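data31.txt follows (compact mmCIF, C-alpha atoms (C1' of nucleotides)):
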```
# COMPACT_ATOMS: atom_id res chain seq x y z
CA MET A 256 -194.93 44.80 239.04
CA ILE A 257 -194.93 46.17 242.56
CA ARG A 258 -191.55 46.26 244.17
CA ASN A 259 -190.60 45.90 247.74
CA THR A 260 -188.27 48.78 248.39
CA ARG A 261 -186.45 49.96 251.46
CA GLN A 262 -188.47 53.18 251.50
CA ARG A 263 -191.85 51.51 251.17
CA THR A 264 -191.00 49.11 253.92
CA ALA A 265 -189.74 51.94 256.11
CA VAL A 266 -192.91 53.98 255.74
CA ASN A 267 -194.98 50.97 256.53
CA ALA A 268 -192.82 50.32 259.57
CA VAL A 269 -193.30 53.84 260.85
CA PHE A 270 -197.00 53.20 261.20
CA ASP A 271 -196.27 50.12 263.25
CA GLU A 272 -194.70 52.31 265.88
CA LEU A 273 -197.21 55.09 265.64
CA GLU A 274 -200.66 55.23 267.11
CA GLY A 275 -203.41 57.36 265.74
CA PHE A 276 -203.38 59.57 262.71
CA HIS A 277 -200.32 61.20 261.22
CA SER A 278 -199.78 63.27 258.13
CA ALA A 279 -197.46 62.35 255.30
CA GLN A 280 -195.35 65.37 256.09
CA GLU A 281 -195.08 64.35 259.70
CA VAL A 282 -194.03 60.85 258.76
CA HIS A 283 -191.47 62.28 256.41
CA ALA A 284 -190.04 64.62 259.05
CA ARG A 285 -189.99 61.81 261.57
CA MET A 286 -188.05 59.54 259.23
CA ARG A 287 -185.57 62.23 258.32
CA ALA A 288 -185.09 63.03 261.99
CA ALA A 289 -184.42 59.36 262.60
CA GLY A 290 -181.67 59.50 260.01
CA ASP A 291 -183.70 57.78 257.35
CA SER A 292 -183.06 59.20 253.92
CA ILE A 293 -186.30 59.44 252.01
CA GLY A 294 -188.00 61.97 249.77
CA LEU A 295 -191.29 63.60 250.47
CA SER A 296 -192.78 62.46 247.17
CA THR A 297 -191.88 58.94 248.07
CA VAL A 298 -193.67 59.19 251.39
CA TYR A 299 -196.76 60.46 249.61
CA ARG A 300 -196.59 57.65 247.08
CA ALA A 301 -196.03 55.12 249.81
CA VAL A 302 -198.96 56.15 251.96
CA GLN A 303 -201.22 56.25 248.93
CA ALA A 304 -200.15 52.78 247.96
CA LEU A 305 -200.69 51.61 251.50
CA VAL A 306 -204.17 53.11 251.55
CA GLU A 307 -204.97 51.30 248.33
CA ASP A 308 -203.71 48.08 249.79
CA GLY A 309 -205.94 48.60 252.77
CA GLU A 310 -202.95 48.82 255.07
CA LEU A 311 -203.65 52.39 256.02
CA ASP A 312 -206.75 54.34 256.72
CA SER A 313 -206.96 57.97 255.67
CA ILE A 314 -209.17 60.88 256.57
CA ARG A 315 -208.92 64.58 256.06
CA THR A 316 -208.57 67.10 258.82
CA ASP A 317 -210.67 70.21 259.01
CA ALA A 318 -207.66 72.06 257.68
CA GLY A 319 -207.68 69.91 254.57
CA GLU A 320 -204.61 67.90 255.43
CA ALA A 321 -204.73 64.17 254.76
CA ILE A 322 -203.79 62.04 257.74
CA TYR A 323 -203.16 58.32 257.89
CA ARG A 324 -202.88 55.50 260.32
CA ARG A 325 -202.65 51.77 260.36
CA CYS A 326 -206.03 50.39 259.48
CA SER A 327 -207.56 47.88 261.76
CA ALA A 328 -209.20 44.93 260.10
CA ARG A 329 -212.64 45.91 261.26
CA HIS A 330 -214.78 48.38 259.45
CA HIS A 331 -215.29 51.29 261.78
CA HIS A 332 -215.80 55.00 261.98
CA HIS A 333 -214.13 57.85 263.77
CA LEU A 334 -215.10 60.00 266.64
CA VAL A 335 -212.85 63.01 266.49
CA CYS A 336 -212.36 65.71 269.09
CA ARG A 337 -212.39 69.01 267.29
CA ALA A 338 -210.34 70.65 270.00
CA CYS A 339 -207.47 68.25 270.61
CA GLY A 340 -207.82 65.97 267.62
CA ARG A 341 -208.02 62.83 269.70
CA THR A 342 -209.66 60.06 267.74
CA GLU A 343 -211.60 57.07 268.88
CA GLU A 344 -212.78 54.22 266.78
CA VAL A 345 -216.43 53.42 266.94
CA GLU A 346 -218.45 50.85 265.18
CA GLY A 347 -222.07 50.00 264.94
CA PRO A 348 -223.95 47.53 262.89
CA THR A 349 -226.90 49.89 263.14
CA VAL A 350 -225.46 52.48 260.88
CA GLU A 351 -224.01 49.92 258.49
CA ARG A 352 -227.38 48.33 258.01
CA TRP A 353 -229.09 51.66 257.74
CA ALA A 354 -226.72 52.86 255.04
CA ASP A 355 -227.07 49.67 253.04
CA ARG A 356 -230.81 49.66 253.34
CA VAL A 357 -231.21 53.28 252.34
CA ALA A 358 -228.90 52.82 249.37
CA ALA A 359 -230.77 49.71 248.29
CA GLU A 360 -234.08 51.54 248.53
CA HIS A 361 -232.74 54.05 246.06
CA GLY A 362 -231.58 51.31 243.72
CA PHE A 363 -227.88 51.76 244.50
CA VAL A 364 -225.53 48.79 244.48
CA ASP A 365 -221.94 48.22 245.47
CA VAL A 366 -222.36 50.51 248.42
CA THR A 367 -219.77 51.96 250.77
CA HIS A 368 -220.03 54.88 253.11
CA SER A 369 -217.94 57.30 255.08
CA LEU A 370 -218.94 58.60 258.45
CA GLU A 371 -217.13 60.77 260.93
CA ILE A 372 -218.47 62.11 264.16
CA PHE A 373 -217.08 65.36 265.49
CA GLY A 374 -217.43 66.70 268.97
CA THR A 375 -215.57 68.04 271.94
CA CYS A 376 -214.15 65.36 274.17
CA ALA A 377 -214.75 65.40 277.89
CA ALA A 378 -211.26 66.64 278.73
CA CYS A 379 -211.39 69.53 276.31
CA HIS A 380 -214.88 70.41 277.36
CA ARG A 381 -213.78 70.60 280.98
CA ALA A 382 -210.85 72.75 279.89
CA GLY A 383 -213.37 75.11 278.40
CA ALA A 384 -212.29 74.54 274.85
CA PRO A 385 -214.01 76.77 272.36
CA SER A 386 -216.31 75.01 270.01
CA ALA A 387 -217.35 76.07 266.58
CA ASP A 388 -220.88 74.99 266.08
CA ARG A 389 -221.49 73.15 262.93
CA PRO A 390 -225.11 72.34 262.39
CA GLY A 391 -225.89 70.54 259.30
CA MET B 1104 -218.11 95.88 264.39
CA ILE B 1105 -219.50 93.75 261.61
CA ARG B 1106 -220.56 95.64 258.59
CA ASN B 1107 -223.25 94.88 256.15
CA THR B 1108 -221.61 95.25 252.78
CA ARG B 1109 -222.83 94.73 249.26
CA GLN B 1110 -220.43 91.83 248.79
CA ARG B 1111 -221.37 90.02 251.94
CA THR B 1112 -225.04 90.32 251.09
CA ALA B 1113 -224.40 89.13 247.57
CA VAL B 1114 -222.56 85.99 248.66
CA ASN B 1115 -225.30 85.20 251.07
CA ALA B 1116 -227.83 85.68 248.30
CA VAL B 1117 -226.01 83.27 246.02
CA PHE B 1118 -226.66 80.46 248.44
CA ASP B 1119 -230.35 81.26 248.39
CA GLU B 1120 -230.44 80.35 244.74
CA LEU B 1121 -228.14 77.39 244.97
CA GLU B 1122 -228.93 73.91 246.18
CA GLY B 1123 -226.36 71.56 247.60
CA PHE B 1124 -222.70 72.17 248.21
CA HIS B 1125 -220.57 74.65 246.35
CA SER B 1126 -216.97 75.75 246.73
CA ALA B 1127 -215.87 79.29 247.40
CA GLN B 1128 -214.16 79.36 244.04
CA GLU B 1129 -217.30 78.23 242.31
CA VAL B 1130 -219.35 80.89 244.03
CA HIS B 1131 -216.78 83.46 243.03
CA ALA B 1132 -216.79 82.35 239.40
CA ARG B 1133 -220.55 82.29 239.37
CA MET B 1134 -220.78 85.81 240.70
CA ARG B 1135 -218.22 87.13 238.26
CA ALA B 1136 -220.04 85.41 235.43
CA ALA B 1137 -223.23 87.10 236.56
CA GLY B 1138 -221.48 90.45 236.25
CA ASP B 1139 -220.99 90.84 239.97
CA SER B 1140 -217.66 92.44 240.79
CA ILE B 1141 -216.14 90.75 243.80
CA GLY B 1142 -212.73 89.49 244.83
CA LEU B 1143 -211.90 85.93 245.66
CA SER B 1144 -210.54 86.87 249.07
CA THR B 1145 -213.80 88.54 249.84
CA VAL B 1146 -215.77 85.45 248.94
CA TYR B 1147 -213.58 83.39 251.25
CA ARG B 1148 -214.03 85.87 254.04
CA ALA B 1149 -217.74 86.00 253.44
CA VAL B 1150 -218.33 82.25 253.50
CA GLN B 1151 -216.21 81.93 256.62
CA ALA B 1152 -218.24 84.60 258.32
CA LEU B 1153 -221.44 82.90 257.20
CA VAL B 1154 -220.28 79.59 258.56
CA GLU B 1155 -219.52 81.22 261.88
CA ASP B 1156 -222.95 82.78 261.89
CA GLY B 1157 -224.45 79.38 261.28
CA GLU B 1158 -225.85 80.53 257.96
CA LEU B 1159 -223.77 78.07 255.99
CA ASP B 1160 -222.67 74.55 256.52
CA SER B 1161 -219.24 73.47 255.37
CA ILE B 1162 -217.60 70.14 254.67
CA ARG B 1163 -214.44 69.14 252.93
CA THR B 1164 -214.29 67.06 249.78
CA ASP B 1165 -211.98 64.13 249.41
CA ALA B 1166 -209.74 66.39 247.38
CA GLY B 1167 -209.43 68.74 250.31
CA GLU B 1168 -211.59 71.49 248.93
CA ALA B 1169 -213.98 73.21 251.30
CA ILE B 1170 -217.56 73.32 250.08
CA TYR B 1171 -220.51 75.19 251.51
CA ARG B 1172 -224.24 75.25 251.39
CA ARG B 1173 -227.09 76.99 253.01
CA CYS B 1174 -227.76 75.26 256.21
CA SER B 1175 -231.06 73.60 255.54
CA ALA B 1176 -233.61 73.37 258.26
CA ARG B 1177 -233.55 69.65 257.79
CA HIS B 1178 -230.50 67.64 258.51
CA HIS B 1179 -229.82 65.05 255.86
CA HIS B 1180 -227.09 63.09 254.17
CA HIS B 1181 -226.05 62.33 250.64
CA LEU B 1182 -226.25 59.23 248.55
CA VAL B 1183 -223.81 59.71 245.71
CA CYS B 1184 -223.45 57.64 242.55
CA ARG B 1185 -219.76 57.10 242.03
CA ALA B 1186 -220.24 56.64 238.32
CA CYS B 1187 -222.45 59.54 237.28
CA GLY B 1188 -222.22 61.71 240.36
CA ARG B 1189 -225.96 61.91 240.83
CA THR B 1190 -226.79 62.81 244.40
CA GLU B 1191 -229.85 62.05 246.41
CA GLU B 1192 -230.65 63.41 249.81
CA VAL B 1193 -231.46 60.86 252.43
CA GLU B 1194 -232.31 61.21 256.06
CA GLY B 1195 -232.81 58.90 258.94
CA PRO B 1196 -233.32 59.51 262.59
CA THR B 1197 -231.68 56.14 263.16
CA VAL B 1198 -228.24 57.27 262.26
CA GLU B 1199 -228.63 60.62 263.99
CA ARG B 1200 -229.52 58.98 267.22
CA TRP B 1201 -226.81 56.41 266.84
CA ALA B 1202 -224.14 59.05 266.28
CA ASP B 1203 -225.28 61.13 269.22
CA ARG B 1204 -225.47 58.13 271.48
CA VAL B 1205 -222.06 56.81 270.55
CA ALA B 1206 -220.49 60.22 271.01
CA ALA B 1207 -222.17 60.65 274.36
CA GLU B 1208 -220.95 57.24 275.49
CA HIS B 1209 -217.42 58.42 274.83
CA GLY B 1210 -217.96 61.61 276.77
CA PHE B 1211 -218.12 63.86 273.74
CA VAL B 1212 -220.35 66.90 273.69
CA ASP B 1213 -221.38 69.40 271.06
CA VAL B 1214 -221.59 66.66 268.50
CA THR B 1215 -222.03 66.83 264.77
CA HIS B 1216 -221.34 64.26 262.12
CA SER B 1217 -220.82 63.88 258.44
CA LEU B 1218 -222.01 60.91 256.47
CA GLU B 1219 -221.97 60.17 252.81
CA ILE B 1220 -223.01 56.98 251.13
CA PHE B 1221 -221.39 55.99 247.87
CA GLY B 1222 -222.63 53.43 245.43
CA THR B 1223 -223.52 52.80 241.84
CA CYS B 1224 -227.00 53.92 240.92
CA ALA B 1225 -229.36 51.60 239.13
CA ALA B 1226 -228.91 53.29 235.76
CA CYS B 1227 -225.14 53.16 235.88
CA HIS B 1228 -225.15 49.63 237.14
CA ARG B 1229 -227.27 48.57 234.19
CA ALA B 1230 -224.80 50.38 231.97
CA GLY B 1231 -222.04 48.30 233.50
CA ALA B 1232 -220.19 51.10 235.24
CA PRO B 1233 -216.93 50.23 236.98
CA SER B 1234 -216.60 50.72 240.72
CA ALA B 1235 -213.70 51.53 243.03
CA ASP B 1236 -213.92 50.14 246.51
CA ARG B 1237 -212.76 52.16 249.46
CA PRO B 1238 -212.65 50.35 252.78
CA GLY B 1239 -212.49 52.41 255.87
C1' DG C 1435 -221.20 115.26 256.34
C1' DA C 1436 -216.71 113.99 258.79
C1' DG C 1437 -213.94 110.68 260.87
C1' DC C 1438 -212.43 106.32 261.15
C1' DA C 1439 -212.68 101.54 261.96
C1' DT C 1440 -213.77 97.91 259.04
C1' DG C 1441 -214.09 95.76 254.51
C1' DT C 1442 -212.38 95.23 249.83
C1' DG C 1443 -209.57 93.24 246.18
C1' DA C 1444 -205.45 92.30 243.26
C1' DG C 1445 -201.83 89.85 243.76
C1' DA C 1446 -198.26 87.66 246.43
C1' DA C 1447 -197.29 84.19 249.66
C1' DC C 1448 -198.08 79.84 251.83
C1' DT C 1449 -199.41 74.99 252.43
C1' DG C 1450 -200.27 70.43 251.18
C1' DT C 1451 -200.04 67.62 247.31
C1' DT C 1452 -198.90 65.91 242.75
C1' DG C 1453 -196.08 65.82 238.52
C1' DT C 1454 -191.46 65.58 236.16
C1' DC C 1455 -187.49 63.35 234.81
C1' DG C 1456 -182.87 61.65 235.08
C1' DA C 1457 -180.66 58.43 238.13
C1' DC C 1458 -181.16 54.27 240.69
C1' DT C 1459 -182.28 49.51 241.99
C1' DG C 1460 -185.07 45.17 243.08
C1' DC C 1461 -185.87 41.17 240.80
C1' DG C 1462 -186.51 37.54 237.33
C1' DG C 1463 -184.00 35.33 233.70
C1' DG C 1464 -179.82 33.72 231.84
C1' DC D 1371 -173.72 35.69 239.97
C1' DC D 1372 -174.54 39.22 236.61
C1' DC D 1373 -177.74 41.67 233.21
C1' DG D 1374 -181.44 44.17 231.77
C1' DC D 1375 -185.06 46.85 232.56
C1' DA D 1376 -189.39 48.25 234.42
C1' DG D 1377 -190.72 50.05 238.58
C1' DT D 1378 -189.03 53.37 241.89
C1' DC D 1379 -186.59 57.25 243.96
C1' DG D 1380 -186.01 62.04 245.09
C1' DA D 1381 -184.95 66.93 244.29
C1' DC D 1382 -187.41 70.23 242.44
C1' DA D 1383 -191.04 72.46 239.87
C1' DA D 1384 -195.72 72.95 239.29
C1' DC D 1385 -200.40 73.23 241.11
C1' DA D 1386 -204.64 74.16 243.68
C1' DG D 1387 -206.87 75.99 247.39
C1' DT D 1388 -206.55 79.19 250.84
C1' DT D 1389 -204.79 83.04 253.51
C1' DC D 1390 -202.15 87.26 253.92
C1' DT D 1391 -200.87 92.05 252.65
C1' DC D 1392 -201.74 96.65 252.16
C1' DA D 1393 -203.36 100.66 249.83
C1' DC D 1394 -207.78 102.18 248.85
C1' DA D 1395 -212.83 102.37 249.49
C1' DT D 1396 -216.98 102.55 252.21
C1' DG D 1397 -220.58 101.66 255.94
C1' DC D 1398 -221.67 103.49 260.41
C1' DT D 1399 -221.74 106.64 264.28
C1' DC D 1400 -221.92 111.09 265.82
```
Show me this structure written as structure tokens.
Amino acid sequence: MIRNTRQRTAVNAVFDELEGFHSAQEVHARMRAAGDSIGLSTVYRAVQALVEDGELDSIRTDAGEAIYRRCSARHHHHLVCRACGRTEEVEGPTVERWADRVAAEHGFVDVTHSLEIFGTCAACHRAGAPSADRPG
Amino acid sequence: MIRNTRQRTAVNAVFDELEGFHSAQEVHARMRAAGDSIGLSTVYRAVQALVEDGELDSIRTDAGEAIYRRCSARHHHHLVCRACGRTEEVEGPTVERWADRVAAEHGFVDVTHSLEIFGTCAACHRAGAPSADRPG
DNA sequence: GAGCATGTGAGAACTGTTGTCGACTGCGGG
DNA sequence: CCCGCAGTCGACAACAGTTCTCACATGCTC
């Protein structure tokens, strides 16, 4: 049975007040700072549960850290600035259809996909942010 | 000054023989197994240098591990069976153009993207493989 | 070949994450 | 309302991947 605990509720609530992506550690620190007594393990368990429930959306930073945010109902992808980390949601039926079609052509079923776009946002580009090229 | 050492050359050479993505640790193990004496730190340094030189391409797995491969002339994506792990390379100008366009519309420059498609391949589907959904 | 900046490598340190385990507590039943 | 107990908590240890350290080795320039 899945219980409705103070901690779980609290973690969930944090993401109501927060925009964008935040790491488990950050959430933990934020809660502790706010006087909320909660363990780090619990935060990790909570965010994982929330991701499974589809409440949160998770991606991994370039540094390998997992970051989370409230998931909007729509299926979408992320456009991430590699200099300042700013994230924008983008969506496009084009790519959805393409992915499904390609998978189907190869005989794959039950298809999902993950797509992230990285670049340097206008502000950072103006600021002359360095950019590590990443062809691929 | 950047020196041309035996180790650096050797790491680079490994990726000539290897297809697809491989972790630094795997490369290290492989080299040791082949009787090549090299330290793990050195492998890390080497792959990082190679990435900076544009010789290698790096992405991060879901588990947070960094994996590398020779940057192929062709840009393509992966279609991965979530049951047996079989991977097929797919490519499509559609999605490339879409990603670039979307990024440009948001004022992003110097754009790259990462896309993986997950599904159950025909063989595994016939075998009745289970599947874990991952919205996002 | 000499000098020396740069690279190497074993191991320690660090970071983010997951596991452990005794104590705790929501929740359904009585 | 209280009981019982399975699900949960949380401090801490354990882990994995990566980076740092530093004494030693070695390519490169002269």
CA of Val1214 (chain B) to CA of Glu1199 (chain B): how many Å, to one decimal?
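Separation of CA of Val1214 (chain B) and CA of Glu1199 (chain B): 10.3 Å.
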Judged by all atoms listed in the file, the minimum distance to Ala279 (chain A) among C:DT1440, C:DT1451, C:DC1458, C:DG1445 is found for C:DT1451
Figure out the distance between CA of Thr1223 (chain B) and CA of Ala304 (chain A), please, to one decimal in Å.
24.2 Å
Counting only C-alpha atoms (C1' of nucleotides), what is within 9 Å of Glu1191 (chain B), bar same-chain residues fewer than 2 positions away, as a ChimeraX atom specification?
/A:361 /B:1180-1184,1189,1193
Nearest to chain D: which of B:Gly1123, B:Gly1142, B:Gly1157, B:Gly1167 is it, counting all atoms listed in the file?
B:Gly1167
Give me, as a compact mmCIF listing (two decimals) with C-alpha atoms (C1' of nucleotides), in the frame of the given file, all polymer residues having an atom no more than 12 Å from DA1386 (chain D), counting only C-alpha atoms (C1' of nucleotides) and skipping those fewer than 4 positions away in the same chain.
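Ended up saving to result-v3.txt:
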```txt
# COMPACT_ATOMS: atom_id res chain seq x y z
CA GLN B 1128 -214.16 79.36 244.04
CA ALA B 1166 -209.74 66.39 247.38
CA GLY B 1167 -209.43 68.74 250.31
CA GLU B 1168 -211.59 71.49 248.93
C1' DC C 1448 -198.08 79.84 251.83
C1' DT C 1449 -199.41 74.99 252.43
C1' DG C 1450 -200.27 70.43 251.18
C1' DT C 1451 -200.04 67.62 247.31
C1' DT C 1452 -198.90 65.91 242.75
```
Would you superpose chain B on chain A, least squares on all C-alpha atoms in order, and hand back the fitted chain as a JSON list (two decimals) with C-alpha atoms, in the coordinates of the input?
```
[["chain", "number", "residue", "atom", "x", "y", "z"],
["B", 1104, "MET", "CA", -193.57, 45.01, 237.81],
["B", 1105, "ILE", "CA", -193.82, 46.18, 241.38],
["B", 1106, "ARG", "CA", -190.60, 46.20, 243.24],
["B", 1107, "ASN", "CA", -189.96, 45.67, 246.86],
["B", 1108, "THR", "CA", -187.71, 48.53, 247.85],
["B", 1109, "ARG", "CA", -186.21, 49.60, 251.13],
["B", 1110, "GLN", "CA", -188.27, 52.79, 251.10],
["B", 1111, "ARG", "CA", -191.56, 51.13, 250.40],
["B", 1112, "THR", "CA", -190.96, 48.63, 253.17],
["B", 1113, "ALA", "CA", -189.95, 51.38, 255.54],
["B", 1114, "VAL", "CA", -193.10, 53.42, 254.96],
["B", 1115, "ASN", "CA", -195.20, 50.37, 255.47],
["B", 1116, "ALA", "CA", -193.33, 49.67, 258.68],
["B", 1117, "VAL", "CA", -193.99, 53.16, 260.00],
["B", 1118, "PHE", "CA", -197.70, 52.48, 260.00],
["B", 1119, "ASP", "CA", -197.13, 49.36, 262.06],
["B", 1120, "GLU", "CA", -195.84, 51.51, 264.86],
["B", 1121, "LEU", "CA", -198.34, 54.29, 264.47],
["B", 1122, "GLU", "CA", -201.93, 54.37, 265.63],
["B", 1123, "GLY", "CA", -204.58, 56.51, 264.04],
["B", 1124, "PHE", "CA", -204.30, 58.78, 261.05],
["B", 1125, "HIS", "CA", -201.13, 60.44, 259.88],
["B", 1126, "SER", "CA", -200.32, 62.59, 256.88],
["B", 1127, "ALA", "CA", -197.72, 61.76, 254.28],
["B", 1128, "GLN", "CA", -195.73, 64.77, 255.34],
["B", 1129, "GLU", "CA", -195.80, 63.68, 258.94],
["B", 1130, "VAL", "CA", -194.63, 60.21, 258.03],
["B", 1131, "HIS", "CA", -191.86, 61.73, 255.97],
["B", 1132, "ALA", "CA", -190.74, 64.01, 258.80],
["B", 1133, "ARG", "CA", -190.90, 61.15, 261.24],
["B", 1134, "MET", "CA", -188.74, 58.96, 259.07],
["B", 1135, "ARG", "CA", -186.20, 61.68, 258.47],
["B", 1136, "ALA", "CA", -186.10, 62.39, 262.18],
["B", 1137, "ALA", "CA", -185.43, 58.71, 262.79],
["B", 1138, "GLY", "CA", -182.43, 58.95, 260.49],
["B", 1139, "ASP", "CA", -184.17, 57.27, 257.59],
["B", 1140, "SER", "CA", -183.20, 58.80, 254.28],
["B", 1141, "ILE", "CA", -186.23, 59.06, 252.05],
["B", 1142, "GLY", "CA", -187.74, 61.63, 249.73],
["B", 1143, "LEU", "CA", -191.12, 63.19, 250.13],
["B", 1144, "SER", "CA", -192.21, 62.13, 246.66],
["B", 1145, "THR", "CA", -191.36, 58.59, 247.55],
["B", 1146, "VAL", "CA", -193.48, 58.71, 250.67],
["B", 1147, "TYR", "CA", -196.41, 59.98, 248.62],
["B", 1148, "ARG", "CA", -195.93, 57.26, 246.07],
["B", 1149, "ALA", "CA", -195.61, 54.67, 248.77],
["B", 1150, "VAL", "CA", -198.77, 55.60, 250.66],
["B", 1151, "GLN", "CA", -200.71, 55.75, 247.41],
["B", 1152, "ALA", "CA", -199.52, 52.30, 246.50],
["B", 1153, "LEU", "CA", -200.40, 51.06, 249.97],
["B", 1154, "VAL", "CA", -203.87, 52.51, 249.72],
["B", 1155, "GLU", "CA", -204.35, 50.77, 246.40],
["B", 1156, "ASP", "CA", -203.18, 47.53, 247.94],
["B", 1157, "GLY", "CA", -205.70, 47.98, 250.70],
["B", 1158, "GLU", "CA", -202.94, 48.17, 253.27],
["B", 1159, "LEU", "CA", -203.80, 51.72, 254.24],
["B", 1160, "ASP", "CA", -206.98, 53.63, 254.65],
["B", 1161, "SER", "CA", -207.12, 57.26, 253.66],
["B", 1162, "ILE", "CA", -209.43, 60.15, 254.44],
["B", 1163, "ARG", "CA", -209.18, 63.85, 253.97],
["B", 1164, "THR", "CA", -209.13, 66.38, 256.78],
["B", 1165, "ASP", "CA", -211.27, 69.45, 256.76],
["B", 1166, "ALA", "CA", -208.19, 71.37, 255.72],
["B", 1167, "GLY", "CA", -207.88, 69.21, 252.64],
["B", 1168, "GLU", "CA", -204.90, 67.21, 253.78],
["B", 1169, "ALA", "CA", -204.88, 63.50, 253.05],
["B", 1170, "ILE", "CA", -204.22, 61.34, 256.09],
["B", 1171, "TYR", "CA", -203.57, 57.62, 256.27],
["B", 1172, "ARG", "CA", -203.58, 54.79, 258.70],
["B", 1173, "ARG", "CA", -203.14, 51.11, 258.74],
["B", 1174, "CYS", "CA", -206.39, 49.60, 257.81],
["B", 1175, "SER", "CA", -207.49, 48.03, 261.04],
["B", 1176, "ALA", "CA", -209.29, 44.76, 260.99],
["B", 1177, "ARG", "CA", -212.11, 46.46, 262.80],
["B", 1178, "HIS", "CA", -214.07, 49.19, 261.21],
["B", 1179, "HIS", "CA", -214.71, 52.06, 263.57],
["B", 1180, "HIS", "CA", -215.30, 55.77, 263.74],
["B", 1181, "HIS", "CA", -213.92, 58.68, 265.68],
["B", 1182, "LEU", "CA", -215.32, 60.77, 268.45],
["B", 1183, "VAL", "CA", -213.25, 63.93, 268.54],
["B", 1184, "CYS", "CA", -213.19, 66.62, 271.22],
["B", 1185, "ARG", "CA", -213.22, 69.93, 269.43],
["B", 1186, "ALA", "CA", -211.54, 71.64, 272.33],
["B", 1187, "CYS", "CA", -208.63, 69.38, 273.22],
["B", 1188, "GLY", "CA", -208.55, 67.15, 270.17],
["B", 1189, "ARG", "CA", -208.77, 63.95, 272.17],
["B", 1190, "THR", "CA", -210.05, 61.14, 270.01],
["B", 1191, "GLU", "CA", -211.91, 58.04, 270.97],
["B", 1192, "GLU", "CA", -212.71, 55.16, 268.71],
["B", 1193, "VAL", "CA", -216.32, 54.15, 268.58],
["B", 1194, "GLU", "CA", -218.09, 51.50, 266.62],
["B", 1195, "GLY", "CA", -221.63, 50.50, 266.02],
["B", 1196, "PRO", "CA", -223.18, 48.00, 263.73],
["B", 1197, "THR", "CA", -226.24, 50.25, 263.70],
["B", 1198, "VAL", "CA", -224.68, 52.93, 261.63],
["B", 1199, "GLU", "CA", -222.89, 50.47, 259.36],
["B", 1200, "ARG", "CA", -226.09, 48.74, 258.51],
["B", 1201, "TRP", "CA", -227.91, 52.00, 258.09],
["B", 1202, "ALA", "CA", -225.32, 53.34, 255.66],
["B", 1203, "ASP", "CA", -225.29, 50.16, 253.62],
["B", 1204, "ARG", "CA", -229.04, 49.99, 253.51],
["B", 1205, "VAL", "CA", -229.50, 53.59, 252.49],
["B", 1206, "ALA", "CA", -226.88, 53.27, 249.78],
["B", 1207, "ALA", "CA", -228.46, 50.09, 248.49],
["B", 1208, "GLU", "CA", -231.87, 51.74, 248.39],
["B", 1209, "HIS", "CA", -230.41, 54.35, 246.08],
["B", 1210, "GLY", "CA", -228.87, 51.73, 243.85],
["B", 1211, "PHE", "CA", -225.32, 52.31, 244.99],
["B", 1212, "VAL", "CA", -222.85, 49.47, 245.18],
["B", 1213, "ASP", "CA", -219.34, 49.09, 246.52],
["B", 1214, "VAL", "CA", -220.18, 51.28, 249.45],
["B", 1215, "THR", "CA", -217.97, 52.79, 252.08],
["B", 1216, "HIS", "CA", -218.59, 55.66, 254.42],
["B", 1217, "SER", "CA", -216.83, 58.10, 256.64],
["B", 1218, "LEU", "CA", -218.22, 59.32, 259.91],
["B", 1219, "GLU", "CA", -216.79, 61.52, 262.56],
["B", 1220, "ILE", "CA", -218.52, 62.79, 265.64],
["B", 1221, "PHE", "CA", -217.46, 66.09, 267.13],
["B", 1222, "GLY", "CA", -218.26, 67.36, 270.57],
["B", 1223, "THR", "CA", -216.80, 68.76, 273.73],
["B", 1224, "CYS", "CA", -215.47, 66.13, 276.08],
["B", 1225, "ALA", "CA", -216.47, 66.11, 279.71],
["B", 1226, "ALA", "CA", -213.17, 67.55, 280.91],
["B", 1227, "CYS", "CA", -213.22, 70.44, 278.48],
["B", 1228, "HIS", "CA", -216.85, 71.12, 279.13],
["B", 1229, "ARG", "CA", -216.15, 71.41, 282.84],
["B", 1230, "ALA", "CA", -213.32, 73.77, 281.96],
["B", 1231, "GLY", "CA", -215.81, 75.89, 280.06],
["B", 1232, "ALA", "CA", -214.40, 75.36, 276.59],
["B", 1233, "PRO", "CA", -215.99, 77.30, 273.74],
["B", 1234, "SER", "CA", -217.67, 75.45, 270.90],
["B", 1235, "ALA", "CA", -218.19, 76.18, 267.21],
["B", 1236, "ASP", "CA", -221.30, 74.75, 265.67],
["B", 1237, "ARG", "CA", -221.24, 73.36, 262.18],
["B", 1238, "PRO", "CA", -224.59, 72.42, 260.70],
["B", 1239, "GLY", "CA", -224.61, 70.17, 257.74]]
```
From the options A:Asp308, A:Thr264, A:His277, A:Ala321, which residue's atoms come nearest to chain C, counting only C-alpha atoms (C1' of nucleotides)?
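The answer is A:Ala321, which sits nearest to chain C.
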Dump as JSON lines the rows for residues of chain D within 9 Å of chain A: closest atom pair and distance in Å with one decimal, only C-alpha atoms (C1' of nucleotides) counted, ordered by chain and rising residue number.
```
{"residue": "D:DA1376", "atom": "C1'", "partner": "A:Met256", "partner_atom": "CA", "distance": 8.0}
{"residue": "D:DG1377", "atom": "C1'", "partner": "A:Met256", "partner_atom": "CA", "distance": 6.7}
{"residue": "D:DT1378", "atom": "C1'", "partner": "A:Arg258", "partner_atom": "CA", "distance": 7.9}
{"residue": "D:DC1379", "atom": "C1'", "partner": "A:Thr297", "partner_atom": "CA", "distance": 6.9}
{"residue": "D:DG1380", "atom": "C1'", "partner": "A:Gly294", "partner_atom": "CA", "distance": 5.1}
{"residue": "D:DA1381", "atom": "C1'", "partner": "A:Gly294", "partner_atom": "CA", "distance": 8.0}
```
Please determine the contact residues of chain A with respect to chain B at a cut-off of 8 Å, counting all atoms listed in the file, and supply them as JSON, numbers by chain.
{"A": [307, 309, 312, 313, 315, 317, 319, 320, 321, 326, 330, 331, 332, 334, 336, 345, 349, 350, 353, 354, 357, 358, 361, 362, 363, 364, 365, 366, 367, 368, 369, 370, 371, 372, 373, 374, 375, 376, 377, 380, 386, 387, 388, 389, 390, 391]}
